[in-house]
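**Student:** Take a look at this one; I'll ask things after.
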Amino acid sequence: MNYPKHVHIVEVGPRDGLQNEKQEIPAAIKIELINKLSAAGFPNVESGSFVSPKWVPQMATSAEVFAGIARKPGVLYSALTPNMRGFEGALAAGADEVVIFGAASEAFSQKNINCSIAESIERFRPVAEAAKANNIRLRAAISCAYGCPYQGAVPTASVLDCLQRFADLGCEDVGIADTIGVGTPAMVYETLAAAAKMFPVERIAGHYHDTYGMACANVLASLEVGVSTFDTSVAGLGGCPYAKGATGNVATEDVLYMLHGMGIETGIDLDAVCEAGQFISEALGRAPHSRVNRAMAAKRAG
Ligand code: HMG
Ligand code: MG
């Protein structure tokens, strides 16, 4: 196979990973996690969300987190921004990249951001303009590309329609997300192959939750299309508060082990990521949800 030689990993653990945790995690722990992740070599660490604290209480500390991190030159510290209020928060916090997040499913759009897909695009338009005016990178995420917890099946045409809207807003990168982790490699291949015909493949990212254990297989299917950017979460943390039953993102450790084993570079130190995964899992009082992390820990112990 003609796989990409280099893969770009966006570490989303501090945001997608922690947003679903019920226990209040102190900002100091989030800051230490982000510092460990930037030291491990990630080019982009999704560090928080500027959303309503009533909707996602765990992200209410995002301004404090951004203010406390030790910024490593060259690393993009990104944040989710659903509207102008969120953009202003991200701008004040010094986020390097903002993420607007829509959905390929009307039902999910309503549950997650309380508006229709069309309304969400109108809310994102001034955010996109403000990002350009302030020289902040603009990324987008399309939720429920492979299935919706409320609507069920999601037609590929809805994903492509959403992608076109984000392309028209001038997004530099667009992530196509399996929010509830139901996609299979054939679905991923078909959707990404169609997406790559209308948007540059090097600007498409794969974002997979691992609910059904398909996420690494879906990364591989994406590589076959030529997609070379993935959102992953240290220790497999995560879930979406508005997608019941969905588990964490694909574990960063598992993706790195697979890619490095295939001779694909990432520039990221797997041992350092395992250490960060142990750190945050201990803080949450459980073992990492990453097979690679657990296997490497067992090997070290043995
Ligand atoms: P709304 O209630 O329709 O908005 O929520 P509103 O404008 O009527 O405001 C309601 C209240 O929120 C007001 O406060 C606003 O000031 C406040 P009140 O007057 O009641 O005290 N508010 C804000 N506060 C802080 N920051 C803001 C903000 N905006 C309004 N930016 C809204 C609409 C979008 C705000 C809400 O639905 C929301 O915050 N949703 C966020 C949901 C979320 O974060 N979900 C998880 C992230 S998406 C995800 O995980 C998927 C992804 O990983 C990809 C994948 O896997 O699919 C990206
Ligand atoms: Mg997600």
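Quick note on naming: the chains in the structure tokens go A, B, ... in the order shown, residues restart at 1 in each chain, and ligands are numbered from 1 in order of appearance.
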Any chance you could tabulate, as a Markdown table, the residues of chain A at most 12 Å from ligand 2 with each one's nearest atom pair and distance in Å to one decimal, using only C-alpha atoms and all ligand atoms, in chain and rising number order?

**Tutor:**
| residue | atom | partner | partner_atom_place_in_ligand_line | distance |
| --- | --- | --- | --- | --- |
| A:Val10 | CA | ligand 2 | 1 (Mg) | 11.9 |
| A:Glu11 | CA | ligand 2 | 1 (Mg) | 11.3 |
| A:Val12 | CA | ligand 2 | 1 (Mg) | 8.2 |
| A:Gly13 | CA | ligand 2 | 1 (Mg) | 9.6 |
| A:Pro14 | CA | ligand 2 | 1 (Mg) | 11.6 |
| A:Arg15 | CA | ligand 2 | 1 (Mg) | 8.9 |
| A:Asp16 | CA | ligand 2 | 1 (Mg) | 5.5 |
| A:Gly17 | CA | ligand 2 | 1 (Mg) | 8.1 |
| A:Leu18 | CA | ligand 2 | 1 (Mg) | 10.8 |
| A:Gln19 | CA | ligand 2 | 1 (Mg) | 9.8 |
| A:Asn20 | CA | ligand 2 | 1 (Mg) | 10.2 |
| A:Glu46 | CA | ligand 2 | 1 (Mg) | 11.2 |
| A:Leu80 | CA | ligand 2 | 1 (Mg) | 11.2 |
| A:Val99 | CA | ligand 2 | 1 (Mg) | 11.9 |
| A:Phe101 | CA | ligand 2 | 1 (Mg) | 9.9 |
| A:Gly102 | CA | ligand 2 | 1 (Mg) | 11.4 |
| A:Ala103 | CA | ligand 2 | 1 (Mg) | 11.3 |
| A:Asn112 | CA | ligand 2 | 1 (Mg) | 11.7 |
| A:Ala140 | CA | ligand 2 | 1 (Mg) | 11.8 |
| A:Ala141 | CA | ligand 2 | 1 (Mg) | 8.6 |
| A:Ile142 | CA | ligand 2 | 1 (Mg) | 9.5 |
| A:Ser143 | CA | ligand 2 | 1 (Mg) | 7.5 |
| A:Cys144 | CA | ligand 2 | 1 (Mg) | 9.3 |
| A:Ala145 | CA | ligand 2 | 1 (Mg) | 11.2 |
| A:Gly175 | CA | ligand 2 | 1 (Mg) | 9.8 |
| A:Ile176 | CA | ligand 2 | 1 (Mg) | 9.8 |
| A:Ala177 | CA | ligand 2 | 1 (Mg) | 6.7 |
| A:Asp178 | CA | ligand 2 | 1 (Mg) | 7.4 |
| A:Thr179 | CA | ligand 2 | 1 (Mg) | 5.3 |
| A:Ile180 | CA | ligand 2 | 1 (Mg) | 8.3 |
| A:Gly181 | CA | ligand 2 | 1 (Mg) | 9.4 |
| A:Gly206 | CA | ligand 2 | 1 (Mg) | 10.4 |
| A:His207 | CA | ligand 2 | 1 (Mg) | 6.7 |
| A:Tyr208 | CA | ligand 2 | 1 (Mg) | 7.2 |
| A:His209 | CA | ligand 2 | 1 (Mg) | 6.6 |
| A:Asp210 | CA | ligand 2 | 1 (Mg) | 10.2 |
| A:Thr211 | CA | ligand 2 | 1 (Mg) | 11.4 |
| A:Phe230 | CA | ligand 2 | 1 (Mg) | 11.4 |
| A:Asp231 | CA | ligand 2 | 1 (Mg) | 8.4 |
| A:Thr232 | CA | ligand 2 | 1 (Mg) | 9.1 |
| A:Ser233 | CA | ligand 2 | 1 (Mg) | 9.3 |
| A:Gly236 | CA | ligand 2 | 1 (Mg) | 11.3 |
| A:Leu237 | CA | ligand 2 | 1 (Mg) | 10.2 |
| A:Gly238 | CA | ligand 2 | 1 (Mg) | 7.4 |
| A:Gly239 | CA | ligand 2 | 1 (Mg) | 6.4 |
| A:Cys240 | CA | ligand 2 | 1 (Mg) | 6.2 |
| A:Pro241 | CA | ligand 2 | 1 (Mg) | 9.9 |
| A:Tyr242 | CA | ligand 2 | 1 (Mg) | 10.5 |
| A:Ala243 | CA | ligand 2 | 1 (Mg) | 9.6 |
| A:Ala246 | CA | ligand 2 | 1 (Mg) | 9.2 |
| A:Thr247 | CA | ligand 2 | 1 (Mg) | 9.4 |
| A:Gly248 | CA | ligand 2 | 1 (Mg) | 7.8 |
| A:Asn249 | CA | ligand 2 | 1 (Mg) | 6.4 |
| A:Val250 | CA | ligand 2 | 1 (Mg) | 9.6 |

**Student:** Name the residues in contact with A:Val174 at a cut-off of 12 Å, using only C-alpha atoms, excluding same-chain residues fewer than 4 positions from it; report them as a VMD selection string.

**Tutor:** chain A and resid 98 to 103 137 to 143 159 to 160 162 to 170 192 195 to 196 198 to 207 227 229 to 231

**Student:** Could you pull out the strand (DSSP E or B) residues of stretch 82-204 of chain A from DSSP and send them as a list of chain:residue names?

**Tutor:** A:Glu97, A:Val98, A:Val99, A:Ile100, A:Phe101, A:Gly102, A:Ala103, A:Arg137, A:Leu138, A:Arg139, A:Ala140, A:Ala141, A:Ile142, A:Ser143, A:Cys148, A:Gly152, A:Asp173, A:Val174, A:Gly175, A:Ile176, A:Ala177, A:Asp178, A:Ile204

**Student:** Please produce a file of those selected residues containing N, CA and C atoms, as a PDB file, in the first residue's frame.

**Tutor:**
ATOM      1  N   GLU A  97      -5.568  28.201  17.348  1.00  0.00           N
ATOM      2  CA  GLU A  97      -6.475  27.639  16.342  1.00  0.00           C
ATOM      3  C   GLU A  97      -7.841  27.496  16.999  1.00  0.00           C
ATOM      4  N   VAL A  98      -8.904  27.843  16.264  1.00  0.00           N
ATOM      5  CA  VAL A  98     -10.255  27.635  16.790  1.00  0.00           C
ATOM      6  C   VAL A  98     -10.951  26.576  15.940  1.00  0.00           C
ATOM      7  N   VAL A  99     -11.819  25.833  16.616  1.00  0.00           N
ATOM      8  CA  VAL A  99     -12.522  24.729  15.959  1.00  0.00           C
ATOM      9  C   VAL A  99     -14.015  25.006  16.021  1.00  0.00           C
ATOM     10  N   ILE A 100     -14.636  25.115  14.853  1.00  0.00           N
ATOM     11  CA  ILE A 100     -16.089  25.219  14.803  1.00  0.00           C
ATOM     12  C   ILE A 100     -16.605  23.799  14.589  1.00  0.00           C
ATOM     13  N   PHE A 101     -17.675  23.479  15.261  1.00  0.00           N
ATOM     14  CA  PHE A 101     -18.106  22.074  15.211  1.00  0.00           C
ATOM     15  C   PHE A 101     -19.582  21.961  14.879  1.00  0.00           C
ATOM     16  N   GLY A 102     -19.819  21.314  13.743  1.00  0.00           N
ATOM     17  CA  GLY A 102     -21.172  21.096  13.256  1.00  0.00           C
ATOM     18  C   GLY A 102     -21.438  19.610  13.167  1.00  0.00           C
ATOM     19  N   ALA A 103     -22.548  19.270  12.543  1.00  0.00           N
ATOM     20  CA  ALA A 103     -22.907  17.854  12.463  1.00  0.00           C
ATOM     21  C   ALA A 103     -23.526  17.536  11.113  1.00  0.00           C
ATOM     22  N   ARG A 137      -5.758  30.143  13.092  1.00  0.00           N
ATOM     23  CA  ARG A 137      -6.142  29.029  12.222  1.00  0.00           C
ATOM     24  C   ARG A 137      -7.581  28.615  12.501  1.00  0.00           C
ATOM     25  N   LEU A 138      -8.251  28.147  11.436  1.00  0.00           N
ATOM     26  CA  LEU A 138      -9.656  27.763  11.543  1.00  0.00           C
ATOM     27  C   LEU A 138      -9.805  26.306  11.113  1.00  0.00           C
ATOM     28  N   ARG A 139     -10.321  25.509  12.028  1.00  0.00           N
ATOM     29  CA  ARG A 139     -10.551  24.088  11.753  1.00  0.00           C
ATOM     30  C   ARG A 139     -12.026  23.813  11.999  1.00  0.00           C
ATOM     31  N   ALA A 140     -12.524  22.754  11.396  1.00  0.00           N
ATOM     32  CA  ALA A 140     -13.926  22.390  11.614  1.00  0.00           C
ATOM     33  C   ALA A 140     -14.024  20.913  11.918  1.00  0.00           C
ATOM     34  N   ALA A 141     -15.109  20.548  12.608  1.00  0.00           N
ATOM     35  CA  ALA A 141     -15.389  19.131  12.860  1.00  0.00           C
ATOM     36  C   ALA A 141     -16.819  18.842  12.418  1.00  0.00           C
ATOM     37  N   ILE A 142     -16.980  17.694  11.777  1.00  0.00           N
ATOM     38  CA  ILE A 142     -18.314  17.243  11.353  1.00  0.00           C
ATOM     39  C   ILE A 142     -18.661  16.016  12.185  1.00  0.00           C
ATOM     40  N   SER A 143     -19.597  16.187  13.121  1.00  0.00           N
ATOM     41  CA  SER A 143     -19.982  15.072  13.995  1.00  0.00           C
ATOM     42  C   SER A 143     -20.957  14.131  13.294  1.00  0.00           C
ATOM     43  N   CYS A 148     -25.742   8.449  13.969  1.00  0.00           N
ATOM     44  CA  CYS A 148     -26.171   9.438  14.957  1.00  0.00           C
ATOM     45  C   CYS A 148     -26.946   8.725  16.059  1.00  0.00           C
ATOM     46  N   GLY A 152     -29.975   7.761  13.871  1.00  0.00           N
ATOM     47  CA  GLY A 152     -29.566   6.486  13.285  1.00  0.00           C
ATOM     48  C   GLY A 152     -28.628   6.723  12.110  1.00  0.00           C
ATOM     49  N   ASP A 173      -8.680  23.088   7.853  1.00  0.00           N
ATOM     50  CA  ASP A 173      -8.773  21.631   7.988  1.00  0.00           C
ATOM     51  C   ASP A 173     -10.189  21.273   8.396  1.00  0.00           C
ATOM     52  N   VAL A 174     -10.639  20.109   7.958  1.00  0.00           N
ATOM     53  CA  VAL A 174     -11.964  19.633   8.366  1.00  0.00           C
ATOM     54  C   VAL A 174     -11.833  18.192   8.855  1.00  0.00           C
ATOM     55  N   GLY A 175     -12.301  17.961  10.070  1.00  0.00           N
ATOM     56  CA  GLY A 175     -12.284  16.612  10.636  1.00  0.00           C
ATOM     57  C   GLY A 175     -13.627  15.946  10.396  1.00  0.00           C
ATOM     58  N   ILE A 176     -13.578  14.714   9.954  1.00  0.00           N
ATOM     59  CA  ILE A 176     -14.816  13.959   9.719  1.00  0.00           C
ATOM     60  C   ILE A 176     -14.895  12.935  10.849  1.00  0.00           C
ATOM     61  N   ALA A 177     -15.927  13.106  11.701  1.00  0.00           N
ATOM     62  CA  ALA A 177     -15.907  12.428  12.997  1.00  0.00           C
ATOM     63  C   ALA A 177     -16.935  11.317  13.120  1.00  0.00           C
ATOM     64  N   ASP A 178     -16.470  10.216  13.688  1.00  0.00           N
ATOM     65  CA  ASP A 178     -17.360   9.119  14.071  1.00  0.00           C
ATOM     66  C   ASP A 178     -17.612   9.270  15.569  1.00  0.00           C
ATOM     67  N   ILE A 204      -7.952  16.975   5.269  1.00  0.00           N
ATOM     68  CA  ILE A 204      -9.041  16.209   5.900  1.00  0.00           C
ATOM     69  C   ILE A 204      -8.450  15.433   7.074  1.00  0.00           C
TER      70      ILE A 204
END

**Student:** Using only C-alpha atoms, which protein or nucleic acid residues come within 12 Å of stretch 292-301 of chain A? Drop anything in the same chain fewer than 3 positions from it, and give the result as a PyMOL selection string.

**Tutor:** chain A and resi 216+234-236+250-258+270-279+281+286-289
